[in-house]
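One file, my_file.csv, is given below (CSV, C-alpha atoms).
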```csv
chain,number,residue,atom,x,y,z
Y,1,MET,CA,40.0,65.4,187.3
Y,2,ASP,CA,42.8,64.2,189.4
Y,3,GLY,CA,46.1,65.2,188.0
Y,4,ALA,CA,44.4,67.6,185.5
Y,5,ALA,CA,45.7,71.1,185.3
Y,6,VAL,CA,43.3,73.7,186.8
Y,7,PRO,CA,43.1,77.0,185.0
Y,8,VAL,CA,44.6,80.0,186.8
Y,9,ALA,CA,41.3,81.8,186.8
Y,10,SER,CA,39.6,78.9,188.5
Y,11,ARG,CA,42.2,78.8,191.2
Y,12,ILE,CA,41.8,82.5,192.0
Y,13,HIS,CA,38.0,82.2,192.3
Y,14,THR,CA,38.2,79.1,194.5
Y,15,MET,CA,40.7,80.7,197.0
Y,16,PRO,CA,39.0,81.3,200.4
Y,17,LEU,CA,38.5,85.0,201.4
Y,18,THR,CA,39.8,86.2,204.7
Y,19,PHE,CA,38.3,89.2,206.4
Y,20,ALA,CA,40.8,91.5,208.0
Y,21,PRO,CA,39.2,94.1,210.2
Y,22,GLU,CA,42.5,96.1,210.5
Y,23,LEU,CA,42.4,96.6,206.8
Y,24,CYS,CA,38.9,98.0,206.9
Y,25,PRO,CA,38.4,99.9,210.1
Y,26,LEU,CA,35.1,101.5,208.8
Y,27,ALA,CA,33.5,98.1,209.0
Y,28,LEU,CA,33.9,98.1,212.8
Y,29,GLY,CA,32.8,101.7,213.2
Y,30,THR,CA,36.2,103.1,214.0
Y,31,ARG,CA,38.1,106.0,212.4
Y,32,PRO,CA,41.2,105.2,210.5
Y,33,PRO,CA,44.4,106.4,212.1
Y,34,ILE,CA,45.6,109.8,211.0
Y,35,PRO,CA,49.1,109.3,209.5
Y,36,ARG,CA,51.8,111.4,211.0
Y,37,GLU,CA,53.4,114.1,208.9
Y,38,ARG,CA,56.9,113.3,207.8
Y,39,SER,CA,59.4,115.7,206.5
Y,40,PRO,CA,60.2,115.0,202.9
Y,41,LEU,CA,63.4,113.1,202.5
Y,42,PRO,CA,65.3,112.3,199.3
Y,43,SER,CA,64.2,109.0,197.9
Y,44,ASP,CA,65.4,106.9,195.0
Y,45,SER,CA,64.4,107.6,191.4
Y,46,HIS,CA,61.6,105.0,191.4
Y,47,SER,CA,59.6,106.7,194.2
Y,48,ILE,CA,56.9,109.3,193.6
Y,49,ARG,CA,57.8,112.7,195.1
Y,50,PRO,CA,55.2,115.4,196.0
Y,51,ALA,CA,55.0,118.3,193.6
Y,52,SER,CA,56.3,120.7,196.3
Y,53,TYR,CA,59.2,118.4,197.2
Y,54,SER,CA,62.7,120.1,197.2
Y,55,SER,CA,65.8,118.2,198.0
Y,56,PRO,CA,67.7,119.4,201.1
Y,57,PHE,CA,71.0,118.8,199.2
Y,58,LYS,CA,70.0,121.8,197.1
Y,59,TYR,CA,70.0,124.1,200.1
Y,60,THR,CA,73.3,122.5,201.3
Y,61,ALA,CA,75.0,123.3,198.0
Y,62,LEU,CA,73.5,126.8,198.1
Y,63,PHE,CA,74.7,127.4,201.6
Y,64,SER,CA,78.2,126.1,200.7
Y,65,SER,CA,78.3,128.4,197.7
Y,66,ARG,CA,77.3,131.4,199.8
Y,67,HIS,CA,79.8,130.5,202.5
Y,68,ARG,CA,82.6,130.3,199.9
Y,69,THR,CA,81.6,133.7,198.5
Y,70,GLN,CA,81.5,135.3,201.9
Y,71,ALA,CA,84.9,133.9,202.8
Y,72,LYS,CA,86.3,135.2,199.6
Y,73,MET,CA,84.9,138.7,200.2
Y,74,ALA,CA,86.1,138.6,203.8
Y,75,THR,CA,89.7,138.1,202.6
Y,76,SER,CA,89.6,141.0,200.1
Y,77,LEU,CA,89.6,144.8,200.3
Y,78,SER,CA,88.3,147.4,198.0
Y,79,MET,CA,89.1,151.0,197.0
Y,80,LYS,CA,87.9,153.5,194.5
Y,81,LEU,CA,90.2,154.6,191.7
Y,82,LEU,CA,90.1,157.9,189.9
Y,83,ILE,CA,91.2,157.2,186.3
Y,84,ASP,CA,92.3,159.5,183.5
Y,85,THR,CA,90.9,157.6,180.5
Y,86,LYS,CA,92.9,159.7,178.0
Y,87,ALA,CA,96.3,159.2,179.6
Y,88,GLN,CA,95.4,155.7,180.7
Y,89,ARG,CA,96.7,156.2,184.2
Y,90,VAL,CA,95.4,156.1,187.8
Y,91,LEU,CA,95.4,159.6,189.2
Y,92,PHE,CA,94.8,158.5,192.8
Y,93,ALA,CA,92.6,156.2,194.9
Y,94,GLU,CA,90.2,156.7,197.8
Y,95,ALA,CA,91.1,154.1,200.5
Y,96,ASN,CA,89.8,153.2,203.9
Y,97,LYS,CA,91.7,152.1,207.0
Y,98,ASP,CA,92.1,148.5,206.0
Y,99,VAL,CA,93.7,149.3,202.7
Y,100,VAL,CA,96.1,151.8,204.2
Y,101,ASP,CA,97.0,149.3,207.0
Y,102,PHE,CA,97.8,146.7,204.3
Y,103,LEU,CA,100.0,149.2,202.4
Y,104,PHE,CA,101.9,150.3,205.5
Y,105,SER,CA,102.3,146.7,206.7
Y,106,LEU,CA,104.4,146.0,203.5
Y,107,LEU,CA,107.2,148.1,205.1
Y,108,ALA,CA,107.5,145.6,208.0
Y,109,LEU,CA,108.0,142.6,205.7
Y,110,PRO,CA,111.6,141.3,205.9
Y,111,VAL,CA,113.4,141.0,202.5
Y,112,ALA,CA,113.4,137.2,202.8
Y,113,THR,CA,109.7,137.1,203.3
Y,114,ALA,CA,109.1,139.3,200.2
Y,115,VAL,CA,111.4,137.1,198.1
Y,116,ARG,CA,109.6,134.0,199.3
Y,117,LEU,CA,106.2,135.4,198.6
Y,118,LEU,CA,107.1,136.7,195.1
Y,119,GLY,CA,109.5,134.0,194.1
Y,120,THR,CA,113.2,134.2,193.5
Y,121,GLY,CA,112.7,134.7,189.8
Y,122,SER,CA,110.2,137.6,190.1
Y,123,MET,CA,112.4,139.8,192.3
Y,124,GLY,CA,114.1,142.8,190.8
Y,125,GLY,CA,117.8,143.1,191.5
Y,126,SER,CA,119.8,140.4,193.2
Y,127,ALA,CA,117.8,139.7,196.3
Y,128,GLY,CA,116.3,136.6,194.7
Y,129,ASN,CA,119.7,135.1,193.9
Y,130,LEU,CA,120.9,135.8,197.5
Y,131,TYR,CA,117.8,134.0,198.9
Y,132,ALA,CA,118.2,131.0,196.6
Y,133,SER,CA,121.9,130.7,197.5
Y,134,ALA,CA,121.1,130.6,201.2
Y,135,ALA,CA,118.3,128.0,200.6
Y,136,ARG,CA,120.6,125.8,198.5
Y,137,LEU,CA,123.6,126.0,200.7
Y,138,ASP,CA,124.7,122.5,201.9
Y,139,ARG,CA,124.3,122.2,205.6
Y,140,ALA,CA,127.9,121.0,205.9
Y,141,TYR,CA,129.0,124.6,205.3
Y,142,VAL,CA,126.5,126.1,207.9
Y,143,LEU,CA,127.9,127.0,211.3
Y,144,PRO,CA,126.6,124.7,214.1
Y,145,GLY,CA,123.8,126.5,215.9
Y,146,ALA,CA,123.1,128.9,213.1
Y,147,ASP,CA,119.3,129.1,212.5
Y,148,MET,CA,118.9,129.1,208.7
Y,149,ASP,CA,115.2,128.7,209.0
Y,150,ALA,CA,114.9,132.0,210.8
Y,151,LEU,CA,117.0,133.5,208.1
Y,152,LEU,CA,114.9,132.2,205.3
Y,153,ARG,CA,111.5,132.5,207.1
Y,154,PRO,CA,112.0,135.5,209.5
Y,155,ALA,CA,109.3,136.5,211.9
Y,156,VAL,CA,106.9,139.3,210.9
Y,157,SER,CA,105.8,141.7,213.6
Y,158,SER,CA,102.4,140.8,214.9
Y,159,GLN,CA,100.9,144.2,214.2
Y,160,ALA,CA,102.0,144.0,210.5
Y,161,ALA,CA,101.0,140.4,210.1
Y,162,ALA,CA,97.5,141.1,211.4
Y,163,SER,CA,97.0,143.7,208.6
Y,164,ASN,CA,98.0,141.4,205.7
Y,165,ILE,CA,97.7,137.9,207.0
Y,166,SER,CA,94.6,137.2,204.9
Y,167,LEU,CA,95.8,138.8,201.7
Y,168,LEU,CA,99.4,137.6,201.6
Y,169,ARG,CA,98.6,134.4,203.5
Y,170,LEU,CA,101.2,134.9,206.1
Y,171,PRO,CA,101.3,132.5,209.1
Y,172,ASP,CA,99.6,133.7,212.2
Y,173,PRO,CA,102.4,135.1,214.4
Y,174,SER,CA,102.6,133.4,217.8
Y,175,PRO,CA,103.3,135.6,220.8
Y,176,LYS,CA,106.9,135.5,221.9
Y,177,GLY,CA,107.5,134.1,225.4
Y,178,PHE,CA,110.3,134.6,227.9
Y,179,PHE,CA,111.3,132.1,230.6
Y,180,ARG,CA,113.5,132.2,233.7
Y,181,CYS,CA,114.9,129.6,236.1
Y,182,GLY,CA,112.4,128.3,238.7
Y,183,HIS,CA,115.0,126.4,240.6
Y,184,CYS,CA,117.4,129.1,241.7
Y,185,GLN,CA,114.9,132.0,241.0
Y,186,SER,CA,117.7,133.9,239.3
Y,187,LEU,CA,116.6,137.4,238.1
Y,188,THR,CA,119.8,137.8,236.1
Y,189,TYR,CA,119.1,135.5,233.1
Y,190,MET,CA,116.1,134.9,230.9
Y,191,THR,CA,115.6,133.1,227.6
Y,192,ASP,CA,113.0,133.0,224.8
Y,193,VAL,CA,113.6,129.2,224.3
Y,194,ARG,CA,111.8,127.1,226.9
Y,195,GLY,CA,114.0,124.5,228.6
Y,196,THR,CA,117.4,126.3,228.1
Y,197,LYS,CA,119.8,125.5,230.9
Y,198,CYS,CA,120.2,128.1,233.5
Y,199,PRO,CA,123.8,129.5,233.5
Y,200,GLU,CA,123.9,129.5,237.3
Y,201,CYS,CA,122.4,126.2,238.4
Y,202,ARG,CA,122.1,124.3,235.0
Y,203,SER,CA,118.4,123.6,235.6
Y,204,PRO,CA,115.9,124.0,232.7
Y,205,MET,CA,114.4,127.5,232.5
Y,206,LYS,CA,110.7,127.0,232.3
Y,207,ASP,CA,109.0,129.7,234.4
Y,208,VAL,CA,107.1,132.1,232.2
Y,209,ILE,CA,107.9,135.8,232.5
Y,210,GLN,CA,105.2,138.3,231.5
Y,211,CYS,CA,106.4,141.1,229.2
Y,212,VAL,CA,104.9,144.4,230.2
Y,213,ARG,CA,104.8,147.2,227.5
Y,214,PRO,CA,105.1,150.9,228.4
Y,215,ALA,CA,101.7,152.4,229.2
Y,216,ASP,CA,100.4,155.2,227.0
Y,217,SER,CA,100.4,158.6,228.7
Y,218,GLY,CA,96.9,159.3,227.4
Y,219,GLY,CA,94.7,157.0,229.3
Y,220,SER,CA,91.5,157.9,227.4
Y,221,ARG,CA,93.2,157.4,224.1
Y,222,GLN,CA,94.5,154.0,225.2
Y,223,ALA,CA,91.0,153.0,226.3
Y,224,ALA,CA,89.5,154.1,223.1
Y,225,THR,CA,91.9,152.0,221.0
Y,226,VAL,CA,91.6,148.8,223.0
Y,227,GLY,CA,91.0,146.0,220.5
Y,228,ALA,CA,92.0,148.2,217.5
Y,229,ARG,CA,94.3,146.6,214.9
Y,230,GLY,CA,96.5,148.0,212.3
Y,231,PHE,CA,98.3,151.4,212.1
Y,232,VAL,CA,95.9,154.2,211.2
Y,233,GLN,CA,92.6,155.6,212.5
Y,234,GLY,CA,89.4,154.5,210.7
Y,235,ILE,CA,87.5,157.8,211.1
Y,236,VAL,CA,88.7,159.3,207.8
Y,237,THR,CA,89.2,158.3,204.1
Y,238,TYR,CA,92.8,158.4,202.8
Y,239,THR,CA,94.2,159.4,199.4
Y,240,VAL,CA,96.7,157.0,197.8
Y,241,THR,CA,98.6,158.3,194.8
Y,242,ASP,CA,99.8,156.2,191.9
Y,243,SER,CA,103.3,156.2,193.6
Y,244,LEU,CA,101.8,155.1,197.0
Y,245,LYS,CA,101.9,158.5,198.8
Y,246,VAL,CA,99.3,158.3,201.5
Y,247,THR,CA,97.6,161.3,203.1
Y,248,PRO,CA,94.2,162.0,204.8
Y,249,MET,CA,91.7,163.0,202.1
Y,250,SER,CA,90.0,166.4,201.9
Y,251,SER,CA,88.3,168.3,199.1
Y,252,ILE,CA,91.0,170.9,199.0
Y,253,SER,CA,93.8,168.3,198.9
Y,254,SER,CA,92.0,166.4,196.0
Y,255,ILE,CA,91.7,169.5,193.9
Y,256,THR,CA,95.3,170.4,194.6
Y,257,LEU,CA,96.4,166.9,193.6
Y,258,LEU,CA,94.5,167.1,190.3
Y,259,ASN,CA,96.1,170.4,189.5
Y,260,SER,CA,99.6,169.1,190.3
Y,261,LEU,CA,98.9,166.1,188.0
Y,262,GLY,CA,98.1,168.5,185.1
Y,263,VAL,CA,94.5,167.3,184.6
Y,264,MET,CA,92.8,169.5,182.0
Y,265,ASP,CA,89.9,167.5,180.7
Y,266,PHE,CA,87.8,166.6,183.7
Y,267,GLY,CA,85.3,164.9,181.4
Y,268,ALA,CA,87.8,162.1,180.8
Y,269,ILE,CA,88.0,161.2,184.5
Y,270,ARG,CA,86.2,158.0,185.5
Y,271,GLU,CA,85.7,156.3,188.9
Y,272,LYS,CA,86.2,152.6,189.3
Y,273,THR,CA,86.0,150.4,192.4
Y,274,VAL,CA,88.5,147.5,192.5
Y,275,ARG,CA,89.0,144.6,194.9
Y,276,ILE,CA,92.3,143.8,196.4
Y,277,GLY,CA,92.7,140.0,197.0
Y,278,SER,CA,95.8,137.9,197.4
Y,279,THR,CA,96.7,138.2,193.7
Y,280,GLU,CA,96.5,142.0,193.7
Y,281,GLY,CA,98.2,142.2,197.1
Y,282,LEU,CA,101.3,140.3,195.8
Y,283,ALA,CA,101.2,142.5,192.6
Y,284,ILE,CA,101.2,145.7,194.7
Y,285,LEU,CA,104.1,144.3,196.7
Y,286,LYS,CA,106.1,143.5,193.6
Y,287,ALA,CA,105.3,146.8,191.8
Y,288,SER,CA,106.2,148.8,194.9
Y,289,LEU,CA,109.7,147.5,194.7
Y,290,GLN,CA,110.1,148.2,191.0
Y,291,SER,CA,107.8,151.1,189.9
Y,292,LYS,CA,106.6,154.6,190.5
Y,293,THR,CA,103.2,153.9,189.0
Y,294,VAL,CA,102.0,151.1,191.2
Y,295,LEU,CA,98.3,151.4,190.9
Y,296,THR,CA,98.4,151.9,187.1
Y,297,ASP,CA,100.6,148.9,186.7
Y,298,VAL,CA,98.5,146.6,188.8
Y,299,PHE,CA,94.9,147.7,187.9
Y,300,LEU,CA,95.3,149.1,184.3
Y,301,ALA,CA,98.1,147.2,182.7
Y,302,LYS,CA,95.9,144.3,181.5
Y,303,LYS,CA,92.5,146.1,181.7
Y,304,ARG,CA,92.7,148.9,179.2
Y,305,LYS,CA,89.4,150.7,178.4
Y,306,THR,CA,87.2,148.7,180.8
Y,307,TYR,CA,85.7,151.6,182.6
```

Translate this file's structure into structure tokens.
Amino acid sequence: MDGAAVPVASRIHTMPLTFAPELCPLALGTRPPIPRERSPLPSDSHSIRPASYSSPFKYTALFSSRHRTQAKMATSLSMKLLIDTKAQRVLFAEANKDVVDFLFSLLALPVATAVRLLGTGSMGGSAGNLYASAARLDRAYVLPGADMDALLRPAVSSQAAASNISLLRLPDPSPKGFFRCGHCQSLTYMTDVRGTKCPECRSPMKDVIQCVRPADSGGSRQAATVGARGFVQGIVTYTVTDSLKVTPMSSISSITLLNSLGVMDFGAIREKTVRIGSTEGLAILKASLQSKTVLTDVFLAKKRKTY
């Protein structure tokens, strides 16, 4: 049968068999090796996954979602509104230290910063036009040495910036430094711009001078407030009226305030907790420059009958 085709089945049966002990350890009286446990890893779509398998990417996405939610909550404040549902107005709000610090910090914002945050077209009055004129002015008409950037982007006090940096997204204020001449050791001149030439010896002024603030006469009070930020104490709750009058809260003051507002139907009063994020913070800043009913304008103008 030379040259004749051999059927496939015949070739299979005539193939020599080879005994491999490593493939059958029981034949040699040995125990098979115990496979090591492996942590489940994501595999391709053609592999078989255990019934209890769960992709680690699921937990990564879940962690990222929680992290974004926590970051969002960390940059927002909350306060409780007392609403007259019949008159569609906010009577007053109960606010904690963080909210009051934010409201007070608005007083420290330069006009140029407020215009830049709200936009030149959103400002009431003519401040927006003034800001836009300074921004568009050709540098050929600017006096040499004049700092236009400091005019359009003025520095905000560190205490005020610390209270609203997350809400209004202000830049983190860098501490101001002072320098003196290290060559002639002159105590007459100092500068806040490192490298300025000394008026006496013309050497660059680079030696740092430490600024010392006046010590508080009450030592115990100073020790108790070390590390505190903002403006007010956090041991009480504060009342904030619709026109942004802020006072420490008490039961008597709340009743007096309700009487002064002419509230007759106490059944129409509802409580509502609201969050103050960057959008609400800018809205409060804008309304505070234009309105006497700030809380109503910000939180009820577009949310009628949602309590």

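The space between atom CA of Ala146 of chain Y and atom CA of Ala134 of chain Y spans 12.2 Å.
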
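Proximity of Y:Ala95, Y:Leu82, Y:Leu187, Y:Leu258 to Thr237 of chain Y, computed with all atoms listed in the file, is greatest for Y:Ala95.
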
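Note that the spacing between atom CA of Pro110 of chain Y and atom CA of Gln210 of chain Y amounts to 26.6 Å.
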
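We find atom CA of Ala135 of chain Y and atom CA of Leu152 of chain Y to be spaced 7.2 Å apart.
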
Selection as a PyMOL selection string: residues within 7 Å of (85.6, 150.2, 196.8), counting all atoms listed in the file: chain Y and resi 78-80+273-275

Neighbour list for Gln159 of chain Y as number ranges by chain, cut-off 9 Å, only C-alpha atoms, skip fewer than 4 positions in-chain: Y: 105, 163, 229-231

Selected residue, from Y:Ser243, Y:Thr256, Y:Thr296, Y:Ser133, that lies nearest to Leu103 of chain Y when counting all atoms listed in the file: Y:Ser243

What residues have an atom no more than 9 Å from (115.9, 126.9, 229.9) in the file's own frame, counting only C-alpha atoms, and can you write them as a PDB file with C-alpha atoms, in the frame of the given file?
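The file below, result-v6.pdb, is the result:
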```pdb
ATOM      1  CA  PHE Y 179     111.300 132.100 230.600  1.00  0.00           C
ATOM      2  CA  ARG Y 180     113.500 132.200 233.700  1.00  0.00           C
ATOM      3  CA  CYS Y 181     114.900 129.600 236.100  1.00  0.00           C
ATOM      4  CA  MET Y 190     116.100 134.900 230.900  1.00  0.00           C
ATOM      5  CA  THR Y 191     115.600 133.100 227.600  1.00  0.00           C
ATOM      6  CA  ASP Y 192     113.000 133.000 224.800  1.00  0.00           C
ATOM      7  CA  VAL Y 193     113.600 129.200 224.300  1.00  0.00           C
ATOM      8  CA  ARG Y 194     111.800 127.100 226.900  1.00  0.00           C
ATOM      9  CA  GLY Y 195     114.000 124.500 228.600  1.00  0.00           C
ATOM     10  CA  THR Y 196     117.400 126.300 228.100  1.00  0.00           C
ATOM     11  CA  LYS Y 197     119.800 125.500 230.900  1.00  0.00           C
ATOM     12  CA  CYS Y 198     120.200 128.100 233.500  1.00  0.00           C
ATOM     13  CA  ARG Y 202     122.100 124.300 235.000  1.00  0.00           C
ATOM     14  CA  SER Y 203     118.400 123.600 235.600  1.00  0.00           C
ATOM     15  CA  PRO Y 204     115.900 124.000 232.700  1.00  0.00           C
ATOM     16  CA  MET Y 205     114.400 127.500 232.500  1.00  0.00           C
ATOM     17  CA  LYS Y 206     110.700 127.000 232.300  1.00  0.00           C
ATOM     18  CA  ASP Y 207     109.000 129.700 234.400  1.00  0.00           C
TER      19      ASP Y 207
END
```

Y:Gly124, Y:Glu271, Y:Leu137, Y:Phe178 ranked by distance to Ser291 of chain Y, top pick (using only C-alpha atoms): Y:Gly124

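Each of Y:Thr85, Y:Thr241, Y:Leu118, Y:Val142 was compared to Glu280 of chain Y using all atoms listed in the file, and Y:Leu118 turns out to be the nearest.
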